[in-house]
$ cat my_file39.cif   # mmCIF, C-alpha atoms and all ligand atoms
data_query
loop_
_atom_site.label_atom_id
_atom_site.label_comp_id
_atom_site.auth_asym_id
_atom_site.auth_seq_id
_atom_site.Cartn_x
_atom_site.Cartn_y
_atom_site.Cartn_z
CA MET K 930 -10.23 -17.93 8.24
CA PRO K 931 -9.59 -14.16 8.29
CA SER K 932 -11.44 -12.57 5.40
CA THR K 933 -10.52 -8.88 5.49
CA LEU K 934 -7.73 -7.17 3.59
CA TYR K 935 -6.39 -3.91 4.91
CA ILE K 936 -5.32 -1.68 2.00
CA LEU K 937 -3.38 1.27 3.37
CA ASN K 938 -2.20 4.33 1.48
CA GLY K 939 0.32 6.92 2.55
CA PRO K 940 1.05 10.58 1.92
CA ASN K 941 -0.11 12.48 -1.15
CA LEU K 942 -2.03 9.53 -2.57
CA ASN K 943 -5.23 11.44 -1.80
CA LEU K 944 -4.17 13.67 -4.71
CA LEU K 945 -4.10 10.87 -7.28
CA GLY K 946 -5.89 11.92 -10.43
CA THR K 947 -4.15 15.28 -10.59
CA ARG K 948 -0.81 14.52 -8.89
CA GLU K 949 2.03 14.18 -11.44
CA PRO K 950 -0.21 12.33 -13.91
CA GLU K 951 2.75 11.61 -16.17
CA ILE K 952 4.05 9.34 -13.37
CA TYR K 953 0.93 8.20 -11.55
CA GLY K 954 -1.74 8.39 -14.26
CA THR K 955 -5.17 9.95 -13.83
CA THR K 956 -6.94 7.25 -11.83
CA THR K 957 -8.18 8.66 -8.54
CA LEU K 958 -7.80 6.97 -5.16
CA ALA K 959 -11.59 6.59 -5.01
CA GLU K 960 -11.46 4.70 -8.32
CA ILE K 961 -8.65 2.50 -6.98
CA GLU K 962 -10.72 1.80 -3.87
CA ALA K 963 -13.78 0.84 -5.93
CA ALA K 964 -11.72 -1.51 -8.12
CA CYS K 965 -10.09 -3.09 -5.05
CA VAL K 966 -13.42 -3.68 -3.32
CA GLU K 967 -14.76 -5.31 -6.50
CA LYS K 968 -11.67 -7.47 -7.01
CA ALA K 969 -11.60 -8.59 -3.38
CA ARG K 970 -15.30 -9.43 -3.47
CA GLY K 971 -14.52 -11.89 -6.27
CA HIS K 972 -12.23 -13.69 -3.82
CA GLY K 973 -14.83 -13.58 -1.05
CA LEU K 974 -12.80 -10.96 0.82
CA SER K 975 -13.83 -7.64 2.30
CA VAL K 976 -11.62 -4.55 2.25
CA THR K 977 -10.73 -1.87 4.76
CA PHE K 978 -9.30 0.85 2.51
CA ARG K 979 -7.68 3.95 4.01
CA GLN K 980 -5.36 6.87 3.25
CA THR K 981 -3.43 9.17 5.54
CA ASN K 982 -0.68 11.75 5.22
CA HIS K 983 0.65 10.85 8.69
CA GLU K 984 3.30 8.23 9.43
CA GLY K 985 2.07 7.36 12.92
CA THR K 986 -1.44 6.79 11.64
CA LEU K 987 -0.08 4.16 9.24
CA VAL K 988 1.68 2.52 12.20
CA ASP K 989 -1.60 2.54 14.16
CA TRP K 990 -3.46 0.99 11.23
CA LEU K 991 -0.88 -1.80 10.89
CA HIS K 992 -1.46 -2.57 14.58
CA GLU K 993 -5.22 -2.42 14.02
CA ALA K 994 -4.96 -4.92 11.13
CA HIS K 995 -3.12 -7.26 13.51
CA VAL K 996 -5.71 -6.95 16.27
CA ALA K 997 -8.52 -7.37 13.73
CA GLY K 998 -6.94 -10.58 12.43
CA ALA K 999 -6.73 -9.30 8.86
CA LYS K 1000 -5.84 -11.82 6.19
CA ALA K 1001 -3.15 -9.48 4.83
CA VAL K 1002 -2.10 -5.85 4.65
CA ILE K 1003 -1.49 -4.29 1.25
CA ILE K 1004 0.37 -1.04 1.71
CA ASN K 1005 1.46 1.77 -0.54
CA ALA K 1006 3.46 3.72 2.02
CA ALA K 1007 4.31 6.30 -0.68
CA ALA K 1008 7.26 8.49 0.44
CA TYR K 1009 7.37 6.80 3.87
CA THR K 1010 8.45 3.66 1.99
CA HIS K 1011 11.89 5.21 1.68
CA THR K 1012 12.23 6.76 5.13
CA SER K 1013 10.25 4.92 7.78
CA VAL K 1014 11.95 2.48 10.13
CA ALA K 1015 8.77 2.78 12.24
CA LEU K 1016 6.74 1.20 9.43
CA LEU K 1017 9.35 -1.53 9.00
CA ASP K 1018 9.20 -2.31 12.72
CA ALA K 1019 5.38 -2.31 12.66
CA GLY K 1020 5.34 -4.60 9.63
CA LYS K 1021 7.64 -7.02 11.46
CA ALA K 1022 5.61 -6.83 14.66
CA ILE K 1023 2.30 -7.91 13.20
CA THR K 1024 0.98 -11.31 12.17
CA PRO K 1025 -0.86 -10.50 8.91
CA PRO K 1026 1.49 -10.75 5.91
CA VAL K 1027 2.40 -7.42 4.35
CA ILE K 1028 2.38 -6.85 0.59
CA GLU K 1029 4.05 -3.67 -0.66
CA VAL K 1030 2.56 -1.93 -3.69
CA HIS K 1031 3.48 1.07 -5.80
CA LEU K 1032 1.81 2.65 -8.80
CA SER K 1033 5.15 3.60 -10.35
CA ASP K 1034 8.35 1.55 -10.22
CA PRO K 1035 10.54 3.33 -7.66
CA GLU K 1036 13.57 1.28 -8.78
CA THR K 1037 13.58 3.10 -12.11
CA ARG K 1038 13.32 6.56 -10.51
CA GLU K 1039 15.62 8.69 -8.34
CA ASP K 1040 18.23 6.86 -6.23
CA PHE K 1041 16.52 7.86 -2.98
CA ARG K 1042 13.48 5.80 -4.01
CA HIS K 1043 15.49 2.60 -4.41
CA LEU K 1044 15.53 1.78 -0.69
CA SER K 1045 12.31 0.41 0.80
CA TYR K 1046 12.09 -0.06 4.55
CA ILE K 1047 8.60 -1.54 4.55
CA GLY K 1048 9.81 -3.89 1.81
CA MET K 1049 12.08 -5.56 4.38
CA ALA K 1050 8.95 -6.69 6.22
CA ALA K 1051 6.93 -7.58 3.11
CA VAL K 1052 6.31 -10.99 1.55
CA ALA K 1053 5.97 -9.43 -1.92
CA CYS K 1054 6.33 -6.15 -3.75
CA ILE K 1055 4.18 -5.33 -6.77
CA LYS K 1056 5.04 -2.10 -8.56
CA GLY K 1057 4.96 -0.19 -11.79
CA LYS K 1058 1.48 -1.28 -12.90
CA GLY K 1059 -0.69 1.59 -11.71
CA LEU K 1060 -4.03 0.33 -10.45
CA GLY K 1061 -2.92 -3.09 -11.67
CA SER K 1062 -0.36 -3.23 -8.83
CA TYR K 1063 -3.21 -3.16 -6.31
CA ILE K 1064 -5.24 -5.72 -8.27
CA GLU K 1065 -2.29 -8.11 -8.49
CA ALA K 1066 -1.62 -7.62 -4.79
CA ILE K 1067 -5.19 -8.66 -4.00
CA ASP K 1068 -4.74 -11.83 -6.06
CA ALA K 1069 -1.46 -12.48 -4.21
CA ALA K 1070 -3.12 -11.87 -0.82
CA ALA K 1071 -6.03 -14.15 -1.68
CA ALA K 1072 -3.56 -16.90 -2.58
CA LEU K 1073 -1.69 -16.67 0.75
C1 LIG N 1101 4.79 5.63 -4.84
C2 LIG N 1101 6.29 5.78 -5.12
C3 LIG N 1101 6.96 6.59 -4.04
O1 LIG N 1101 8.36 6.72 -4.33
C4 LIG N 1101 6.37 7.97 -3.96
O2 LIG N 1101 6.94 8.69 -2.89
C5 LIG N 1101 4.89 7.97 -3.88
C6 LIG N 1101 4.14 6.99 -4.66
C7 LIG N 1101 4.04 4.91 -5.96
O3 LIG N 1101 2.94 4.43 -5.72
O4 LIG N 1101 4.54 4.84 -7.10
O5 LIG N 1101 4.30 8.83 -3.25
O6 LIG N 1101 4.63 4.86 -3.66
#

$ encode --input "my_file39.cif" --output "structure tokens"
Amino acid sequence: MPSTLYILNGPNLNLLGTREPEIYGTTTLAEIEAACVEKARGHGLSVTFRQTNHEGTLVDWLHEAHVAGAKAVIINAAAYTHTSVALLDAGKAITPPVIEVHLSDPETREDFRHLSYIGMAAVACIKGKGLGSYIEAIDAAAAL
């Protein structure tokens, strides 16, 4: 059984902690990573946790998760959620199930955040719960 979760983070999420705290809170990405590793360990799963500001790198990492036989990919594609057909195509091309996560709830924000391309390739979307979105996504991935 595959036992690794890929948890991928897109642009500007490296700035969590100070980035628009009224929307995203003050939890840093390093704190999210630590909580994810801990939560996954409880399910007997390991975590490959990454962040990039580059769209193509996210595509490469989705391919890598496929080749590595990951159990699932949890992805916060950040702004690329709303723009990237390349991420949608990558999500459809790979075998590991994709779970979309967001700290905020894009549906309740500007209209341009209502469309999610990666969501069209995802088995679930967990949003609006801050760090809790990632934690719930790990529970969902473990249950797959
Ligand atoms: C986000 C929501 C996106 O609309 C936004 O572009 C982000 C973060 C979230 O986690 O709430 O960068 O994905």

$ atom_distance --input "my_file39.cif" --atom1 "CA of Cys1054 in chain K" --atom2 "CA of Ile952 in chain K"
18.4 Å

$ residues_around --input "my_file39.cif" --residues "Asp1034 in chain K" --least-positions-apart "4" --cutoff "12 Å" --atoms "only C-alpha atoms" --output "MDAnalysis selection string"
chainID K and resid 952:953 1005 1007 1029:1030 1038:1040 1042:1045 1054:1059 1062

$ closest_residue --input "my_file39.cif" --among "K:Tyr1046, K:Pro940, K:Ile1028, K:Thr955" --to "ligand LIG 1101 (chain N)" --atoms "only C-alpha atoms and all ligand atoms"
K:Pro940

$ closest_residue --input "my_file39.cif" --among "K:Leu1016, K:Ala999, K:Ala1053, K:Ala1008" --to "ligand LIG 1101 (chain N)" --atoms "all atoms listed in the file"
K:Ala1008

$ atom_distance --input "my_file39.cif" --atom1 "CA of Ala1071 in chain K" --atom2 "CA of Ser975 in chain K"
10.9 Å

$ residues_near_point --input "my_file39.cif" --point "(-13.7, -2.5, -5.0)" --cutoff "12 Å" --atoms "only C-alpha atoms" --output "list of chain:residue names"
K:Leu934, K:Ile936, K:Leu958, K:Ala959, K:Glu960, K:Ile961, K:Glu962, K:Ala963, K:Ala964, K:Cys965, K:Val966, K:Glu967, K:Lys968, K:Ala969, K:Arg970, K:Gly971, K:His972, K:Gly973, K:Leu974, K:Ser975, K:Val976, K:Thr977, K:Phe978, K:Leu1060, K:Tyr1063, K:Ile1064, K:Ile1067

$ atom_distance --input "my_file39.cif" --atom1 "CA of Gly985 in chain K" --atom2 "CA of Ser1013 in chain K"
10.0 Å

$ closest_residue --input "my_file39.cif" --among "K:Thr1037, K:Gln980, K:Thr1010, K:Thr957" --to "ligand LIG 1101 (chain N)" --atoms "all atoms listed in the file"
K:Thr1010

$ closest_residue --input "my_file39.cif" --among "K:Ala1072, K:Ala1051, K:Leu937, K:Leu991" --to "Ala1015 in chain K" --atoms "all atoms listed in the file"
K:Leu991

$ closest_residue --input "my_file39.cif" --among "K:Tyr1009, K:Ala1069, K:Ala1019, K:Tyr935" --to "Phe1041 in chain K" --atoms "all atoms listed in the file"
K:Tyr1009

$ closest_residue --input "my_file39.cif" --among "K:Ala1066, K:Leu1032, K:Val1014, K:Val1052" --to "ligand LIG 1101 (chain N)" --atoms "all atoms listed in the file"
K:Leu1032

$ residues_around --input "my_file39.cif" --residues "Val988 in chain K" --least-positions-apart "5" --cutoff "12 Å" --atoms "only C-alpha atoms" --output "ChimeraX atom specification"
/K:937-939,981-983,993-995,1002,1004,1006,1009,1013-1023,1047

$ axis_aligned_box --input "my_file39.cif" --around "range 978-985 of chain K" --padding-each-side "5 Å" --output "AutoDock Vina command-line options"
--center_x -3.0 --center_y 6.3 --center_z 7.7 --size_x 22.6 --size_y 20.9 --size_z 20.4
